[in-house]
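Peer 1: Got a structure for you, written out below as structure tokens; questions coming shortly.
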Amino acid sequence: QVQLVESGGGLVQAGDSLRLTCAASGRTFSSEAMAWFRQAPGKGREFVAYISWNGGNTEYADSVKGRFTISRDNAKNTMYLQMKRLKPEDTALYYCAADINSDDSRVFLPRWIGQYDSWGQGTQVTVSS
């Protein structure tokens, strides 16, 4: 049973930093693409960042580029999201996701929510002004 568990969220002030962690269990996550998404109150879930299986490729939403850094440690089955210079508009429930059953016959769309088939329960990040 694949399980993703996020941690590291909290209440911070604008300009502060946080590091989110996604711990994976149930299998070895060394060959799957993974990503972070977020969902603010009253809004849909949106893409934040993506990382390839070996960390060689990353992508970021324009709203977080230059402030957030995604990384992973396959030996620890863990993915991270380092968030700096946080803004009130970063307030959201942050989810990690993994592309477990990737279909190599289809175009890979790292920013598409439907690309990922395993999700955590989320960790809340609240940024006060």
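Letters A, B, ... go to the chains of the structure tokens in the order shown; residues in each chain start at 1; ligands are counted from 1 in the same order.
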Among the residues of chain A, find those DSSP assigns to strand (DSSP E) from the backbone and print them as number ranges by chain.

Peer 2: A: 3-7, 10-13, 18-25, 34-39, 45-51, 58-60, 68-73, 78-83, 92-98, 118-119, 123-128

Peer 1: Please run DSSP on the backbone and report, as JSON, numbers by chain, all residues within range 1-118 of chain A that come out as helix (DSSP H, G or I).

Peer 2: {"A": [74, 75, 76, 88, 89, 90, 113, 114, 115]}

Peer 1: Take CA of Gly10 in chain A and CA of Glu32 in chain A and report the distance between them in Å, one decimal.

Peer 2: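 Separation of CA of Gly10 in chain A and CA of Glu32 in chain A: 27.5 Å.
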
Peer 1: Could you pull the residues within 12 Å of Asp103 in chain A, counting only C-alpha atoms, minus those fewer than 4 positions along the same chain, as number ranges by chain?

Peer 2: A: 32-33, 99, 107-109, 114-117

Peer 1: Ranking A:Val48, A:Ala75, A:Met34, A:Leu81 by minimum distance to Ser102 in chain A and counting only C-alpha atoms, which one comes first?

Peer 2: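 Nearest to Ser102 in chain A: A:Met34.
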
Peer 1: If I take CA of Val125 in chain A and CA of Leu11 in chain A, how far is one from the other in Å, to one decimal?

Peer 2: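 Answer for the CA of Val125 in chain A to CA of Leu11 in chain A separation: 6.2 Å.
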
Peer 1: Just how far from CA of Ser128 in chain A is CA of Gly42 in chain A, in Å to one decimal?

Peer 2: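 Answer for the CA of Gly42 in chain A to CA of Ser128 in chain A separation: 17.9 Å.
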
Peer 1: Could you pull the residues within 7 Å of Leu20 in chain A, counting only C-alpha atoms, minus those fewer than 2 positions along the same chain, as an NGL selection string?

Peer 2: :A and (6-9 or 18 or 22 or 80-82)

Peer 1: If you count only C-alpha atoms, which residues fall within 8 Å of Asn74 in chain A, apart from same-chain ones fewer than 6 positions away, as number ranges by chain?

Peer 2: A: 28-30, 54

Peer 1: Please produce a file of those selected residues containing N, CA, C and O atoms, as an mmCIF file, in the first residue's frame.

Peer 2:
```cif
data_model
loop_
_atom_site.group_PDB
_atom_site.id
_atom_site.type_symbol
_atom_site.label_atom_id
_atom_site.label_comp_id
_atom_site.auth_asym_id
_atom_site.auth_seq_id
_atom_site.Cartn_x
_atom_site.Cartn_y
_atom_site.Cartn_z
ATOM 1 N N THR A 28 9.591 1.546 -2.855
ATOM 2 C CA THR A 28 10.739 2.427 -3.046
ATOM 3 C C THR A 28 10.416 3.450 -4.121
ATOM 4 O O THR A 28 10.089 3.087 -5.245
ATOM 5 N N PHE A 29 10.518 4.715 -3.773
ATOM 6 C CA PHE A 29 10.204 5.795 -4.697
ATOM 7 C C PHE A 29 11.477 6.320 -5.336
ATOM 8 O O PHE A 29 11.893 7.440 -5.097
ATOM 9 N N SER A 30 12.095 5.530 -6.131
ATOM 10 C CA SER A 30 13.330 5.960 -6.765
ATOM 11 C C SER A 30 13.184 6.123 -8.258
ATOM 12 O O SER A 30 14.122 6.570 -8.916
ATOM 13 N N ASN A 54 15.187 11.238 -10.688
ATOM 14 C CA ASN A 54 16.548 11.339 -10.164
ATOM 15 C C ASN A 54 16.906 12.767 -9.758
ATOM 16 O O ASN A 54 18.070 13.049 -9.453
#
```

Peer 1: For Pro88 in chain A, which residue out of A:Ser52, A:Gln3, A:Thr126, A:Ser25 is the nearest one, using only C-alpha atoms?

Peer 2: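 Using only C-alpha atoms, the shortest distance to Pro88 in chain A belongs to A:Thr126.
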
Peer 1: Which is closest to Arg45 in chain A among A:Ala23, A:Val5, A:Ile100, A:Ala92, if we use only C-alpha atoms?

Peer 2: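 Of A:Ala23, A:Val5, A:Ile100, A:Ala92, the one nearest Arg45 in chain A, counting only C-alpha atoms, is A:Ala92.
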
Peer 1: With a distance cut-off of 10 Å and only C-alpha atoms, select the neighbouring residues of Asp90 in chain A, excluding the residue or stretch itself and same-chain residues fewer than 2 positions from it, and output the selection as a count of residues only.

Peer 2: 18

Peer 1: Choose the residue, out of A:Asp73, A:Glu89, A:Glu46, A:Glu59, that has the smallest atom-to-atom separation from Ser31 in chain A; count only C-alpha atoms.

Peer 2: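 Using only C-alpha atoms, the shortest distance to Ser31 in chain A belongs to A:Asp73.
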
Peer 1: Which is closest to Gly120 in chain A among A:Ala98, A:Ala49, A:Ala61, A:Gly15, if we use only C-alpha atoms?

Peer 2: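 So, comparing all the options, the nearest one is A:Ala98.
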
Peer 1: Out of A:Thr21, A:Lys43, A:Asn101, A:Tyr95, which residue has the shortest atom-to-atom distance to Arg72 in chain A when counting only C-alpha atoms?

Peer 2: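 Of A:Thr21, A:Lys43, A:Asn101, A:Tyr95, the one nearest Arg72 in chain A is A:Thr21, counting only C-alpha atoms.
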
Peer 1: Just the residues within 9 Å of Lys84 in chain A, please, counting only C-alpha atoms, with nothing from its chain fewer than 3 positions along; format it as a list in words.

Peer 2: Gly15, Asp16, Ser17, Leu18, Arg19, Gly66, Arg67, Phe68, Thr69 and Lys87 of chain A
